[in-house]
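To be precise, the following lines are entry-v8.txt, and they hold compact mmCIF, N, CA and C atoms and all ligand atoms.
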# COMPACT_ATOMS: atom_id res chain seq x y z
N MET Z 1 -125.54 139.74 179.53
CA MET Z 1 -124.20 139.16 179.56
C MET Z 1 -123.32 139.93 180.55
N THR Z 2 -122.60 139.20 181.38
CA THR Z 2 -121.67 139.86 182.29
C THR Z 2 -120.51 140.43 181.49
N GLU Z 3 -120.23 141.71 181.71
CA GLU Z 3 -119.16 142.40 180.98
C GLU Z 3 -118.24 143.12 181.96
N ARG Z 4 -117.08 143.51 181.44
CA ARG Z 4 -116.16 144.36 182.17
C ARG Z 4 -115.92 145.62 181.35
N THR Z 5 -115.79 146.73 182.05
CA THR Z 5 -115.52 148.00 181.37
C THR Z 5 -114.46 148.77 182.13
N LEU Z 6 -113.69 149.59 181.42
CA LEU Z 6 -112.70 150.43 182.09
C LEU Z 6 -113.32 151.78 182.44
N ALA Z 7 -113.21 152.14 183.71
CA ALA Z 7 -113.68 153.43 184.19
C ALA Z 7 -112.48 154.23 184.68
N LEU Z 8 -112.39 155.49 184.26
CA LEU Z 8 -111.34 156.38 184.77
C LEU Z 8 -111.98 157.58 185.44
N ILE Z 9 -111.38 157.99 186.55
CA ILE Z 9 -111.70 159.30 187.12
C ILE Z 9 -110.56 160.22 186.68
N LYS Z 10 -110.90 161.20 185.87
CA LYS Z 10 -109.91 162.08 185.25
C LYS Z 10 -109.31 163.03 186.30
N PRO Z 11 -108.19 163.69 185.92
CA PRO Z 11 -107.53 164.57 186.89
C PRO Z 11 -108.46 165.60 187.54
N ASP Z 12 -109.43 166.13 186.78
CA ASP Z 12 -110.32 167.13 187.38
C ASP Z 12 -111.19 166.53 188.48
N GLY Z 13 -111.51 165.24 188.35
CA GLY Z 13 -112.31 164.57 189.37
C GLY Z 13 -111.50 164.25 190.61
N VAL Z 14 -110.27 163.76 190.39
CA VAL Z 14 -109.40 163.44 191.54
C VAL Z 14 -109.06 164.73 192.30
N SER Z 15 -108.74 165.80 191.56
CA SER Z 15 -108.31 167.04 192.24
C SER Z 15 -109.45 167.70 193.00
N ARG Z 16 -110.68 167.42 192.60
CA ARG Z 16 -111.83 168.00 193.32
C ARG Z 16 -112.42 167.05 194.37
N ASN Z 17 -111.62 166.02 194.74
CA ASN Z 17 -112.02 165.10 195.82
C ASN Z 17 -113.31 164.35 195.52
N LEU Z 18 -113.45 163.89 194.27
CA LEU Z 18 -114.69 163.22 193.87
C LEU Z 18 -114.55 161.70 193.75
N ILE Z 19 -113.41 161.14 194.18
CA ILE Z 19 -113.21 159.69 194.02
C ILE Z 19 -114.33 158.90 194.72
N GLY Z 20 -114.55 159.21 195.97
CA GLY Z 20 -115.56 158.47 196.74
C GLY Z 20 -116.95 158.63 196.15
N GLU Z 21 -117.28 159.86 195.77
CA GLU Z 21 -118.60 160.16 195.19
C GLU Z 21 -118.85 159.35 193.92
N ILE Z 22 -117.82 159.27 193.06
CA ILE Z 22 -117.98 158.55 191.79
C ILE Z 22 -118.04 157.04 192.02
N MET Z 23 -117.17 156.53 192.89
CA MET Z 23 -117.21 155.09 193.19
C MET Z 23 -118.55 154.71 193.82
N LYS Z 24 -119.07 155.58 194.65
CA LYS Z 24 -120.36 155.32 195.29
C LYS Z 24 -121.47 155.20 194.24
N ARG Z 25 -121.43 156.09 193.25
CA ARG Z 25 -122.45 156.04 192.20
C ARG Z 25 -122.33 154.75 191.38
N CYS Z 26 -121.09 154.30 191.13
CA CYS Z 26 -120.88 153.05 190.38
C CYS Z 26 -121.47 151.86 191.15
N GLU Z 27 -121.13 151.78 192.41
CA GLU Z 27 -121.59 150.65 193.23
C GLU Z 27 -123.11 150.68 193.40
N ALA Z 28 -123.65 151.89 193.56
CA ALA Z 28 -125.11 152.01 193.72
C ALA Z 28 -125.84 151.60 192.44
N HIS Z 29 -125.16 151.70 191.30
CA HIS Z 29 -125.72 151.36 190.00
C HIS Z 29 -125.60 149.86 189.74
N GLY Z 30 -125.06 149.11 190.69
CA GLY Z 30 -124.95 147.66 190.55
C GLY Z 30 -123.67 147.18 189.89
N LEU Z 31 -122.72 148.10 189.71
CA LEU Z 31 -121.44 147.71 189.09
C LEU Z 31 -120.44 147.36 190.18
N LYS Z 32 -119.76 146.22 190.01
CA LYS Z 32 -118.77 145.78 190.99
C LYS Z 32 -117.39 146.27 190.60
N VAL Z 33 -116.67 146.84 191.57
CA VAL Z 33 -115.29 147.27 191.34
C VAL Z 33 -114.42 146.03 191.54
N ILE Z 34 -113.84 145.51 190.43
CA ILE Z 34 -113.04 144.28 190.54
C ILE Z 34 -111.54 144.54 190.43
N ALA Z 35 -111.15 145.77 190.10
CA ALA Z 35 -109.73 146.16 190.11
C ALA Z 35 -109.71 147.67 190.24
N LEU Z 36 -108.68 148.19 190.91
CA LEU Z 36 -108.67 149.62 191.24
C LEU Z 36 -107.26 150.11 191.52
N LYS Z 37 -106.90 151.29 190.97
CA LYS Z 37 -105.61 151.90 191.33
C LYS Z 37 -105.57 153.38 190.96
N MET Z 38 -104.61 154.09 191.56
CA MET Z 38 -104.35 155.48 191.19
C MET Z 38 -103.04 155.51 190.42
N VAL Z 39 -103.04 156.23 189.29
CA VAL Z 39 -101.82 156.35 188.48
C VAL Z 39 -101.70 157.77 187.93
N ARG Z 40 -100.47 158.13 187.57
CA ARG Z 40 -100.24 159.40 186.87
C ARG Z 40 -99.70 159.04 185.50
N LEU Z 41 -100.45 159.34 184.46
CA LEU Z 41 -100.02 159.03 183.09
C LEU Z 41 -98.98 160.05 182.62
N THR Z 42 -98.00 159.58 181.85
CA THR Z 42 -97.16 160.51 181.11
C THR Z 42 -98.00 161.02 179.92
N ASN Z 43 -97.52 162.09 179.31
CA ASN Z 43 -98.21 162.59 178.12
C ASN Z 43 -98.27 161.52 177.02
N GLU Z 44 -97.16 160.79 176.88
CA GLU Z 44 -97.10 159.73 175.86
C GLU Z 44 -98.10 158.61 176.17
N ALA Z 45 -98.21 158.24 177.42
CA ALA Z 45 -99.15 157.18 177.80
C ALA Z 45 -100.60 157.63 177.59
N ALA Z 46 -100.86 158.91 177.83
CA ALA Z 46 -102.22 159.44 177.61
C ALA Z 46 -102.52 159.48 176.11
N GLN Z 47 -101.52 159.85 175.30
CA GLN Z 47 -101.72 159.83 173.84
C GLN Z 47 -101.97 158.41 173.35
N GLY Z 48 -101.26 157.45 173.92
CA GLY Z 48 -101.45 156.05 173.54
C GLY Z 48 -102.84 155.54 173.90
N PHE Z 49 -103.30 155.96 175.06
CA PHE Z 49 -104.64 155.53 175.49
C PHE Z 49 -105.72 156.05 174.55
N TYR Z 50 -105.56 157.30 174.10
CA TYR Z 50 -106.56 157.93 173.24
C TYR Z 50 -106.17 157.87 171.76
N ILE Z 51 -105.39 156.87 171.38
CA ILE Z 51 -104.85 156.79 170.03
C ILE Z 51 -105.94 156.81 168.95
N VAL Z 52 -107.13 156.30 169.26
CA VAL Z 52 -108.23 156.33 168.26
C VAL Z 52 -108.60 157.76 167.87
N HIS Z 53 -108.27 158.71 168.75
CA HIS Z 53 -108.63 160.11 168.48
C HIS Z 53 -107.47 160.92 167.89
N ARG Z 54 -106.41 160.22 167.40
CA ARG Z 54 -105.19 160.94 167.02
C ARG Z 54 -105.39 161.99 165.93
N GLU Z 55 -106.40 161.83 165.09
CA GLU Z 55 -106.65 162.81 164.02
C GLU Z 55 -107.58 163.95 164.46
N ARG Z 56 -108.12 163.85 165.68
CA ARG Z 56 -109.10 164.86 166.11
C ARG Z 56 -108.39 166.12 166.60
N PRO Z 57 -109.03 167.27 166.41
CA PRO Z 57 -108.39 168.54 166.81
C PRO Z 57 -108.09 168.64 168.31
N PHE Z 58 -108.84 167.92 169.12
CA PHE Z 58 -108.68 168.03 170.57
C PHE Z 58 -107.69 167.02 171.15
N TYR Z 59 -107.07 166.21 170.27
CA TYR Z 59 -106.23 165.08 170.73
C TYR Z 59 -105.09 165.52 171.66
N ARG Z 60 -104.31 166.50 171.26
CA ARG Z 60 -103.15 166.91 172.06
C ARG Z 60 -103.58 167.53 173.38
N ALA Z 61 -104.59 168.37 173.33
CA ALA Z 61 -105.09 169.01 174.56
C ALA Z 61 -105.65 167.96 175.52
N LEU Z 62 -106.33 166.98 174.94
CA LEU Z 62 -106.91 165.92 175.78
C LEU Z 62 -105.80 165.12 176.48
N ALA Z 63 -104.76 164.75 175.73
CA ALA Z 63 -103.66 164.00 176.33
C ALA Z 63 -102.95 164.83 177.40
N ALA Z 64 -102.78 166.13 177.13
CA ALA Z 64 -102.14 167.00 178.13
C ALA Z 64 -102.99 167.08 179.39
N SER Z 65 -104.28 167.20 179.21
CA SER Z 65 -105.18 167.27 180.36
C SER Z 65 -105.19 165.96 181.16
N MET Z 66 -105.20 164.83 180.45
CA MET Z 66 -105.25 163.53 181.13
C MET Z 66 -103.96 163.21 181.87
N SER Z 67 -102.87 163.88 181.51
CA SER Z 67 -101.58 163.63 182.17
C SER Z 67 -101.22 164.76 183.14
N SER Z 68 -102.18 165.64 183.41
CA SER Z 68 -101.88 166.81 184.24
C SER Z 68 -101.89 166.52 185.74
N GLY Z 69 -102.36 165.34 186.12
CA GLY Z 69 -102.42 164.98 187.54
C GLY Z 69 -102.83 163.53 187.67
N PRO Z 70 -102.89 163.03 188.90
CA PRO Z 70 -103.26 161.62 189.08
C PRO Z 70 -104.69 161.33 188.63
N ILE Z 71 -104.87 160.10 188.16
CA ILE Z 71 -106.21 159.62 187.82
C ILE Z 71 -106.47 158.33 188.60
N VAL Z 72 -107.72 157.94 188.69
CA VAL Z 72 -108.07 156.65 189.28
C VAL Z 72 -108.61 155.77 188.16
N ALA Z 73 -108.06 154.56 188.07
CA ALA Z 73 -108.52 153.59 187.08
C ALA Z 73 -109.22 152.44 187.81
N ALA Z 74 -110.34 152.02 187.25
CA ALA Z 74 -111.08 150.90 187.84
C ALA Z 74 -111.63 150.02 186.73
N VAL Z 75 -111.76 148.74 187.03
CA VAL Z 75 -112.51 147.85 186.16
C VAL Z 75 -113.82 147.55 186.87
N LEU Z 76 -114.91 147.81 186.15
CA LEU Z 76 -116.25 147.57 186.68
C LEU Z 76 -116.84 146.36 185.98
N GLU Z 77 -117.48 145.51 186.76
CA GLU Z 77 -118.09 144.29 186.20
C GLU Z 77 -119.57 144.26 186.53
N GLY Z 78 -120.36 143.77 185.57
CA GLY Z 78 -121.79 143.63 185.81
C GLY Z 78 -122.51 143.27 184.53
N GLU Z 79 -123.80 143.06 184.66
CA GLU Z 79 -124.65 142.77 183.52
C GLU Z 79 -124.65 143.97 182.57
N GLY Z 80 -124.23 143.78 181.35
CA GLY Z 80 -124.19 144.89 180.38
C GLY Z 80 -123.40 146.08 180.90
N ALA Z 81 -122.28 145.82 181.56
CA ALA Z 81 -121.53 146.88 182.26
C ALA Z 81 -121.10 148.02 181.36
N ILE Z 82 -120.78 147.73 180.10
CA ILE Z 82 -120.27 148.77 179.21
C ILE Z 82 -121.35 149.84 178.97
N ALA Z 83 -122.52 149.41 178.56
CA ALA Z 83 -123.61 150.37 178.32
C ALA Z 83 -124.11 150.96 179.64
N ALA Z 84 -124.14 150.13 180.69
CA ALA Z 84 -124.64 150.61 181.99
C ALA Z 84 -123.78 151.76 182.51
N TYR Z 85 -122.46 151.63 182.35
CA TYR Z 85 -121.59 152.70 182.85
C TYR Z 85 -121.65 153.93 181.94
N ARG Z 86 -121.76 153.72 180.62
CA ARG Z 86 -121.92 154.87 179.71
C ARG Z 86 -123.19 155.66 180.09
N GLU Z 87 -124.25 154.93 180.43
CA GLU Z 87 -125.50 155.59 180.81
C GLU Z 87 -125.32 156.37 182.12
N LEU Z 88 -124.61 155.75 183.05
CA LEU Z 88 -124.36 156.40 184.35
C LEU Z 88 -123.49 157.65 184.18
N MET Z 89 -122.52 157.62 183.24
CA MET Z 89 -121.65 158.78 183.00
C MET Z 89 -122.41 159.93 182.37
N GLY Z 90 -123.28 159.65 181.41
CA GLY Z 90 -123.96 160.70 180.66
C GLY Z 90 -123.18 161.12 179.44
N ALA Z 91 -123.74 162.03 178.66
CA ALA Z 91 -123.14 162.47 177.39
C ALA Z 91 -121.78 163.13 177.63
N THR Z 92 -120.95 163.10 176.57
CA THR Z 92 -119.57 163.61 176.64
C THR Z 92 -119.53 165.06 177.16
N ASP Z 93 -120.43 165.89 176.67
CA ASP Z 93 -120.48 167.30 177.10
C ASP Z 93 -121.40 167.41 178.33
N PRO Z 94 -120.85 167.76 179.48
CA PRO Z 94 -121.67 167.84 180.70
C PRO Z 94 -122.91 168.71 180.53
N ALA Z 95 -122.81 169.74 179.68
CA ALA Z 95 -123.95 170.64 179.46
C ALA Z 95 -125.10 169.92 178.77
N LYS Z 96 -124.78 168.81 178.06
CA LYS Z 96 -125.81 168.06 177.34
C LYS Z 96 -126.16 166.74 178.02
N ALA Z 97 -125.48 166.43 179.11
CA ALA Z 97 -125.70 165.14 179.80
C ALA Z 97 -127.03 165.16 180.56
N ALA Z 98 -127.68 164.01 180.60
CA ALA Z 98 -128.99 163.91 181.25
C ALA Z 98 -128.86 164.16 182.76
N PRO Z 99 -129.88 164.77 183.34
CA PRO Z 99 -129.87 165.02 184.78
C PRO Z 99 -129.65 163.70 185.54
N GLY Z 100 -128.88 163.77 186.60
CA GLY Z 100 -128.64 162.57 187.41
C GLY Z 100 -127.41 161.80 187.00
N THR Z 101 -126.87 162.10 185.83
CA THR Z 101 -125.65 161.40 185.39
C THR Z 101 -124.42 162.04 186.07
N ILE Z 102 -123.32 161.28 186.07
CA ILE Z 102 -122.09 161.77 186.71
C ILE Z 102 -121.61 163.05 186.04
N ARG Z 103 -121.60 163.06 184.71
CA ARG Z 103 -121.09 164.25 184.01
C ARG Z 103 -122.00 165.47 184.20
N ALA Z 104 -123.31 165.26 184.24
CA ALA Z 104 -124.22 166.39 184.48
C ALA Z 104 -124.01 166.93 185.88
N ALA Z 105 -123.83 166.03 186.84
CA ALA Z 105 -123.74 166.46 188.24
C ALA Z 105 -122.37 167.03 188.58
N LEU Z 106 -121.31 166.47 187.99
CA LEU Z 106 -119.96 166.78 188.47
C LEU Z 106 -119.03 167.37 187.41
N GLY Z 107 -119.38 167.25 186.13
CA GLY Z 107 -118.49 167.69 185.05
C GLY Z 107 -118.35 169.20 185.01
N VAL Z 108 -117.19 169.65 184.52
CA VAL Z 108 -116.89 171.07 184.41
C VAL Z 108 -117.11 171.55 182.98
N GLY Z 109 -116.66 170.74 182.00
CA GLY Z 109 -116.76 171.10 180.59
C GLY Z 109 -116.38 169.91 179.74
N LEU Z 110 -116.30 170.13 178.45
CA LEU Z 110 -116.07 169.03 177.50
C LEU Z 110 -114.75 168.30 177.80
N GLU Z 111 -113.70 169.04 178.05
CA GLU Z 111 -112.41 168.41 178.34
C GLU Z 111 -112.38 167.90 179.78
N GLN Z 112 -112.87 168.69 180.69
CA GLN Z 112 -112.89 168.29 182.11
C GLN Z 112 -114.27 167.71 182.43
N ASN Z 113 -114.51 166.53 181.82
CA ASN Z 113 -115.82 165.91 182.03
C ASN Z 113 -115.73 164.75 183.02
N THR Z 114 -114.64 164.75 183.81
CA THR Z 114 -114.55 164.02 185.08
C THR Z 114 -114.37 162.51 184.99
N VAL Z 115 -114.99 161.86 184.00
CA VAL Z 115 -114.91 160.40 183.92
C VAL Z 115 -114.76 159.92 182.48
N HIS Z 116 -114.18 158.73 182.37
CA HIS Z 116 -114.09 158.02 181.09
C HIS Z 116 -114.71 156.64 181.27
N GLY Z 117 -115.31 156.12 180.21
CA GLY Z 117 -115.78 154.74 180.21
C GLY Z 117 -115.64 154.14 178.82
N SER Z 118 -115.24 152.88 178.75
CA SER Z 118 -115.14 152.19 177.45
C SER Z 118 -116.47 152.30 176.72
N ASP Z 119 -116.39 152.45 175.37
CA ASP Z 119 -117.64 152.63 174.62
C ASP Z 119 -118.11 151.39 173.87
N SER Z 120 -117.35 150.29 173.94
CA SER Z 120 -117.73 149.07 173.22
C SER Z 120 -116.90 147.91 173.77
N PRO Z 121 -117.30 146.67 173.48
CA PRO Z 121 -116.47 145.53 173.91
C PRO Z 121 -115.06 145.62 173.32
N GLN Z 122 -114.94 146.14 172.08
CA GLN Z 122 -113.63 146.27 171.44
C GLN Z 122 -112.76 147.28 172.20
N SER Z 123 -113.32 148.41 172.57
CA SER Z 123 -112.50 149.39 173.29
C SER Z 123 -112.19 148.89 174.70
N ALA Z 124 -113.12 148.20 175.35
CA ALA Z 124 -112.83 147.63 176.68
C ALA Z 124 -111.67 146.64 176.59
N ALA Z 125 -111.63 145.86 175.51
CA ALA Z 125 -110.57 144.86 175.33
C ALA Z 125 -109.20 145.50 175.13
N PHE Z 126 -109.18 146.73 174.62
CA PHE Z 126 -107.93 147.49 174.51
C PHE Z 126 -107.62 148.23 175.81
N GLU Z 127 -108.62 148.82 176.41
CA GLU Z 127 -108.40 149.75 177.53
C GLU Z 127 -108.13 149.05 178.86
N ILE Z 128 -108.78 147.92 179.12
CA ILE Z 128 -108.57 147.25 180.42
C ILE Z 128 -107.11 146.80 180.56
N PRO Z 129 -106.54 146.09 179.58
CA PRO Z 129 -105.13 145.69 179.73
C PRO Z 129 -104.14 146.85 179.59
N TYR Z 130 -104.62 148.01 179.12
CA TYR Z 130 -103.75 149.19 179.08
C TYR Z 130 -103.38 149.59 180.51
N PHE Z 131 -104.30 149.34 181.44
CA PHE Z 131 -104.09 149.72 182.84
C PHE Z 131 -103.84 148.56 183.79
N PHE Z 132 -104.40 147.39 183.50
CA PHE Z 132 -104.36 146.30 184.49
C PHE Z 132 -103.82 145.01 183.88
N SER Z 133 -102.96 144.33 184.66
CA SER Z 133 -102.51 142.99 184.28
C SER Z 133 -103.44 141.97 184.93
N SER Z 134 -103.39 140.73 184.44
CA SER Z 134 -104.31 139.71 184.96
C SER Z 134 -104.13 139.50 186.46
N LEU Z 135 -102.91 139.68 186.97
CA LEU Z 135 -102.67 139.49 188.41
C LEU Z 135 -103.47 140.48 189.26
N GLU Z 136 -103.80 141.62 188.69
CA GLU Z 136 -104.49 142.66 189.46
C GLU Z 136 -105.99 142.40 189.62
N PHE Z 137 -106.46 141.30 189.08
CA PHE Z 137 -107.86 140.92 189.28
C PHE Z 137 -107.99 139.83 190.33
N SER Z 138 -106.88 139.45 190.92
CA SER Z 138 -106.90 138.26 191.78
C SER Z 138 -107.77 138.40 193.01
N ALA Z 139 -107.92 139.65 193.52
CA ALA Z 139 -108.66 139.80 194.78
C ALA Z 139 -110.13 139.44 194.62
N ARG Z 140 -110.72 139.79 193.51
CA ARG Z 140 -112.17 139.68 193.39
C ARG Z 140 -112.62 139.08 192.06
N GLY Z 141 -111.74 139.06 191.09
CA GLY Z 141 -112.16 138.68 189.74
C GLY Z 141 -112.38 137.20 189.53
N1 LIG I 1 -113.26 165.83 174.01
C1 LIG I 1 -112.88 167.16 173.86
N2 LIG I 1 -113.44 167.89 172.84
C2 LIG I 1 -114.35 167.37 171.98
C3 LIG I 1 -114.72 166.01 172.13
C4 LIG I 1 -114.16 165.28 173.16
O1 LIG I 1 -112.06 167.66 174.64
O2 LIG I 1 -114.82 168.08 171.09
C5 LIG I 1 -112.66 165.04 175.08
C6 LIG I 1 -113.66 164.70 176.17
O3 LIG I 1 -113.01 164.89 177.43
C7 LIG I 1 -113.98 163.26 175.93
C8 LIG I 1 -112.71 162.72 175.30
O4 LIG I 1 -112.20 163.81 174.53
O5 LIG I 1 -114.33 162.58 177.12
C9 LIG I 1 -112.86 161.52 174.40
O6 LIG I 1 -113.86 161.81 173.43
P1 LIG I 1 -115.01 160.78 173.12
O7 LIG I 1 -115.72 161.26 171.89
O8 LIG I 1 -114.44 159.40 173.09
O9 LIG I 1 -116.01 160.95 174.36
P2 LIG I 1 -116.38 159.96 175.57
O10 LIG I 1 -116.29 158.55 175.03
O11 LIG I 1 -115.40 160.23 176.68
O12 LIG I 1 -117.78 160.34 175.96
MG MG I 2 -114.73 157.61 174.06
Output the file's structure as structure tokens, nothing else.
Ligand code: UDP
Ligand code: MG
Amino acid sequence: MTERTLALIKPDGVSRNLIGEIMKRCEAHGLKVIALKMVRLTNEAAQGFYIVHRERPFYRALAASMSSGPIVAAVLEGEGAIAAYRELMGATDPAKAAPGTIRAALGVGLEQNTVHGSDSPQSAAFEIPYFFSSLEFSARG
């Protein structure tokens, strides 16, 4: 089934000049970039994005980290795109991510793990409109 997923390049990825490298890996994996932008989240907007984690001990630090600098947001489309991009990203902890994955290759640590990807159709349905309006898909969608 053709799906859409939200992909983010976190501040640690943007600051280390990894935008091109990460986009290249997405495209090489057969995922189409159908919407794309750079944004700087406020702390409140980052907390809202990660609201499912509000009870977790790392919630505040995560929101602070996600709002510490610009991020790149993209919508990727493809066959089984949600699982395909999760596989391409690798496990949450770069130290445990499989060789060849983005997080294994480029991640710094658990918080600075360089990329985000929706984990289910339900989270994609929340996360994509968090960043993109329908007008922003007009070029390719
Ligand atoms: N995170 C963290 N400490 C933890 C677990 C997660 O700082 O113990 C951060 C990590 O950057 C992760 C994000 O919180 O990407 C969201 O956690 P989730 O479990 O949703 O991982 P993901 O879906 O990003 O793999
Ligand atoms: Mg997650």
Non-local contacts of region 71-84 of chain Z (6 Å; only N, CA and C atoms; under 2 positions in same chain excluded) as an mmCIF file with N, CA and C atoms, keeping the file's coordinate frame:
data_model
loop_
_atom_site.group_PDB
_atom_site.id
_atom_site.type_symbol
_atom_site.label_atom_id
_atom_site.label_comp_id
_atom_site.auth_asym_id
_atom_site.auth_seq_id
_atom_site.Cartn_x
_atom_site.Cartn_y
_atom_site.Cartn_z
ATOM 1 N N MET Z 1 -125.540 139.740 179.530
ATOM 2 C CA MET Z 1 -124.200 139.160 179.560
ATOM 3 C C MET Z 1 -123.320 139.930 180.550
ATOM 4 N N THR Z 2 -122.600 139.200 181.380
ATOM 5 C CA THR Z 2 -121.670 139.860 182.290
ATOM 6 C C THR Z 2 -120.510 140.430 181.490
ATOM 7 N N GLU Z 3 -120.230 141.710 181.710
ATOM 8 C CA GLU Z 3 -119.160 142.400 180.980
ATOM 9 C C GLU Z 3 -118.240 143.120 181.960
ATOM 10 N N ARG Z 4 -117.080 143.510 181.440
ATOM 11 C CA ARG Z 4 -116.160 144.360 182.170
ATOM 12 C C ARG Z 4 -115.920 145.620 181.350
ATOM 13 N N THR Z 5 -115.790 146.730 182.050
ATOM 14 C CA THR Z 5 -115.520 148.000 181.370
ATOM 15 C C THR Z 5 -114.460 148.770 182.130
ATOM 16 N N LEU Z 6 -113.690 149.590 181.420
ATOM 17 C CA LEU Z 6 -112.700 150.430 182.090
ATOM 18 C C LEU Z 6 -113.320 151.780 182.440
ATOM 19 N N ALA Z 7 -113.210 152.140 183.710
ATOM 20 C CA ALA Z 7 -113.680 153.430 184.190
ATOM 21 C C ALA Z 7 -112.480 154.230 184.680
ATOM 22 N N LEU Z 8 -112.390 155.490 184.260
ATOM 23 C CA LEU Z 8 -111.340 156.380 184.770
ATOM 24 C C LEU Z 8 -111.980 157.580 185.440
ATOM 25 N N ILE Z 9 -111.380 157.990 186.550
ATOM 26 C CA ILE Z 9 -111.700 159.300 187.120
ATOM 27 C C ILE Z 9 -110.560 160.220 186.680
ATOM 28 N N LYS Z 10 -110.900 161.200 185.870
ATOM 29 C CA LYS Z 10 -109.910 162.080 185.250
ATOM 30 C C LYS Z 10 -109.310 163.030 186.300
ATOM 31 N N PRO Z 11 -108.190 163.690 185.920
ATOM 32 C CA PRO Z 11 -107.530 164.570 186.890
ATOM 33 C C PRO Z 11 -108.460 165.600 187.540
ATOM 34 N N GLY Z 30 -125.060 149.110 190.690
ATOM 35 C CA GLY Z 30 -124.950 147.660 190.550
ATOM 36 C C GLY Z 30 -123.670 147.180 189.890
ATOM 37 N N LEU Z 31 -122.720 148.100 189.710
ATOM 38 C CA LEU Z 31 -121.440 147.710 189.090
ATOM 39 C C LEU Z 31 -120.440 147.360 190.180
ATOM 40 N N LYS Z 32 -119.760 146.220 190.010
ATOM 41 C CA LYS Z 32 -118.770 145.780 190.990
ATOM 42 C C LYS Z 32 -117.390 146.270 190.600
ATOM 43 N N VAL Z 33 -116.670 146.840 191.570
ATOM 44 C CA VAL Z 33 -115.290 147.270 191.340
ATOM 45 C C VAL Z 33 -114.420 146.030 191.540
ATOM 46 N N ILE Z 34 -113.840 145.510 190.430
ATOM 47 C CA ILE Z 34 -113.040 144.280 190.540
ATOM 48 C C ILE Z 34 -111.540 144.540 190.430
ATOM 49 N N ALA Z 35 -111.150 145.770 190.100
ATOM 50 C CA ALA Z 35 -109.730 146.160 190.110
ATOM 51 C C ALA Z 35 -109.710 147.670 190.240
ATOM 52 N N LEU Z 36 -108.680 148.190 190.910
ATOM 53 C CA LEU Z 36 -108.670 149.620 191.240
ATOM 54 C C LEU Z 36 -107.260 150.110 191.520
ATOM 55 N N LYS Z 37 -106.900 151.290 190.970
ATOM 56 C CA LYS Z 37 -105.610 151.900 191.330
ATOM 57 C C LYS Z 37 -105.570 153.380 190.960
ATOM 58 N N MET Z 38 -104.610 154.090 191.560
ATOM 59 C CA MET Z 38 -104.350 155.480 191.190
ATOM 60 C C MET Z 38 -103.040 155.510 190.420
ATOM 61 N N VAL Z 39 -103.040 156.230 189.290
ATOM 62 C CA VAL Z 39 -101.820 156.350 188.480
ATOM 63 C C VAL Z 39 -101.700 157.770 187.930
ATOM 64 N N ARG Z 40 -100.470 158.130 187.570
ATOM 65 C CA ARG Z 40 -100.240 159.400 186.870
ATOM 66 C C ARG Z 40 -99.700 159.040 185.500
ATOM 67 N N LEU Z 41 -100.450 159.340 184.460
ATOM 68 C CA LEU Z 41 -100.020 159.030 183.090
ATOM 69 C C LEU Z 41 -98.980 160.050 182.620
ATOM 70 N N GLY Z 69 -102.360 165.340 186.120
ATOM 71 C CA GLY Z 69 -102.420 164.980 187.540
ATOM 72 C C GLY Z 69 -102.830 163.530 187.670
ATOM 73 N N ARG Z 86 -121.760 153.720 180.620
ATOM 74 C CA ARG Z 86 -121.920 154.870 179.710
ATOM 75 C C ARG Z 86 -123.190 155.660 180.090
ATOM 76 N N GLU Z 87 -124.250 154.930 180.430
ATOM 77 C CA GLU Z 87 -125.500 155.590 180.810
ATOM 78 C C GLU Z 87 -125.320 156.370 182.120
ATOM 79 N N LEU Z 88 -124.610 155.750 183.050
ATOM 80 C CA LEU Z 88 -124.360 156.400 184.350
ATOM 81 C C LEU Z 88 -123.490 157.650 184.180
ATOM 82 N N SER Z 118 -115.240 152.880 178.750
ATOM 83 C CA SER Z 118 -115.140 152.190 177.450
ATOM 84 C C SER Z 118 -116.470 152.300 176.720
#
Contacts of chain Z with ligand MG 2 (chain I) up to 8 Å, shortest pair per row, all atoms listed in the file, as JSON lines:
{"residue": "Z:His116", "atom": "CA", "partner": "I:MG2", "partner_atom": "MG", "distance": 7.1}
{"residue": "Z:Gly117", "atom": "C", "partner": "I:MG2", "partner_atom": "MG", "distance": 6.0}
{"residue": "Z:Ser118", "atom": "C", "partner": "I:MG2", "partner_atom": "MG", "distance": 6.2}
{"residue": "Z:Asp119", "atom": "N", "partner": "I:MG2", "partner_atom": "MG", "distance": 5.6}
{"residue": "Z:Ser120", "atom": "N", "partner": "I:MG2", "partner_atom": "MG", "distance": 7.8}
> In region 59-114 of chain Z, what's alpha helix (DSSP H) per DSSP? Answer as a list in words?
Replying inline: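 So, restricting region 59-114 of chain Z to alpha helix (DSSP H), we get Tyr59, Arg60, Ala61, Leu62, Ala63, Ala64, Ser65, Met66, Ala81, Ile82, Ala83, Ala84, Tyr85, Arg86, Glu87, Leu88, Met89, Ile102, Arg103, Ala104, Ala105 and Leu106 of chain Z.
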> Which residue gives the smallest distance to ligand LIG 1 (chain I) among Z:Pro121, Z:Asn43, Z:Pro94, Z:Ser68, with only C-alpha atoms and all ligand atoms counted?
Replying inline: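 Of Z:Pro121, Z:Asn43, Z:Pro94, Z:Ser68, the one nearest ligand LIG 1 (chain I) is Z:Pro94, counting only C-alpha atoms and all ligand atoms.
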>> Taking all atoms listed in the file into account, which residues have an atom no farther than 7 Å from ligand LIG 1 (chain I)? I'd like them as an MDAnalysis selection string.
In response: chainID Z and resid 58:59 61:62 90:93 109:119
> How far is it from CA of Ser133 (chain Z) to CA of Lys24 (chain Z), in Å with one decimal?
Replying inline: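 Computing it gives 24.3 Å between the two atoms.
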>> Could you tell me how far CA of Ile102 (chain Z) sits from CA of Met89 (chain Z), in Å to one decimal place?
In response: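 Interatomic distance, CA of Met89 (chain Z) to CA of Ile102 (chain Z): 4.8 Å.
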> Could you pull the residues within 6 Å of region 44-49 of chain Z, counting only N, CA and C atoms, minus those fewer than 3 positions along the same chain, as a VMD selection string?
Replying inline: chain Z and resid 41 52 63 66 to 67
> Got a sec to tell me which of chain Z DSSP assigns to strand (DSSP E or B), as a VMD selection string?
Replying inline: chain Z and resid 2 to 9 32 to 39 71 to 79 115 to 117
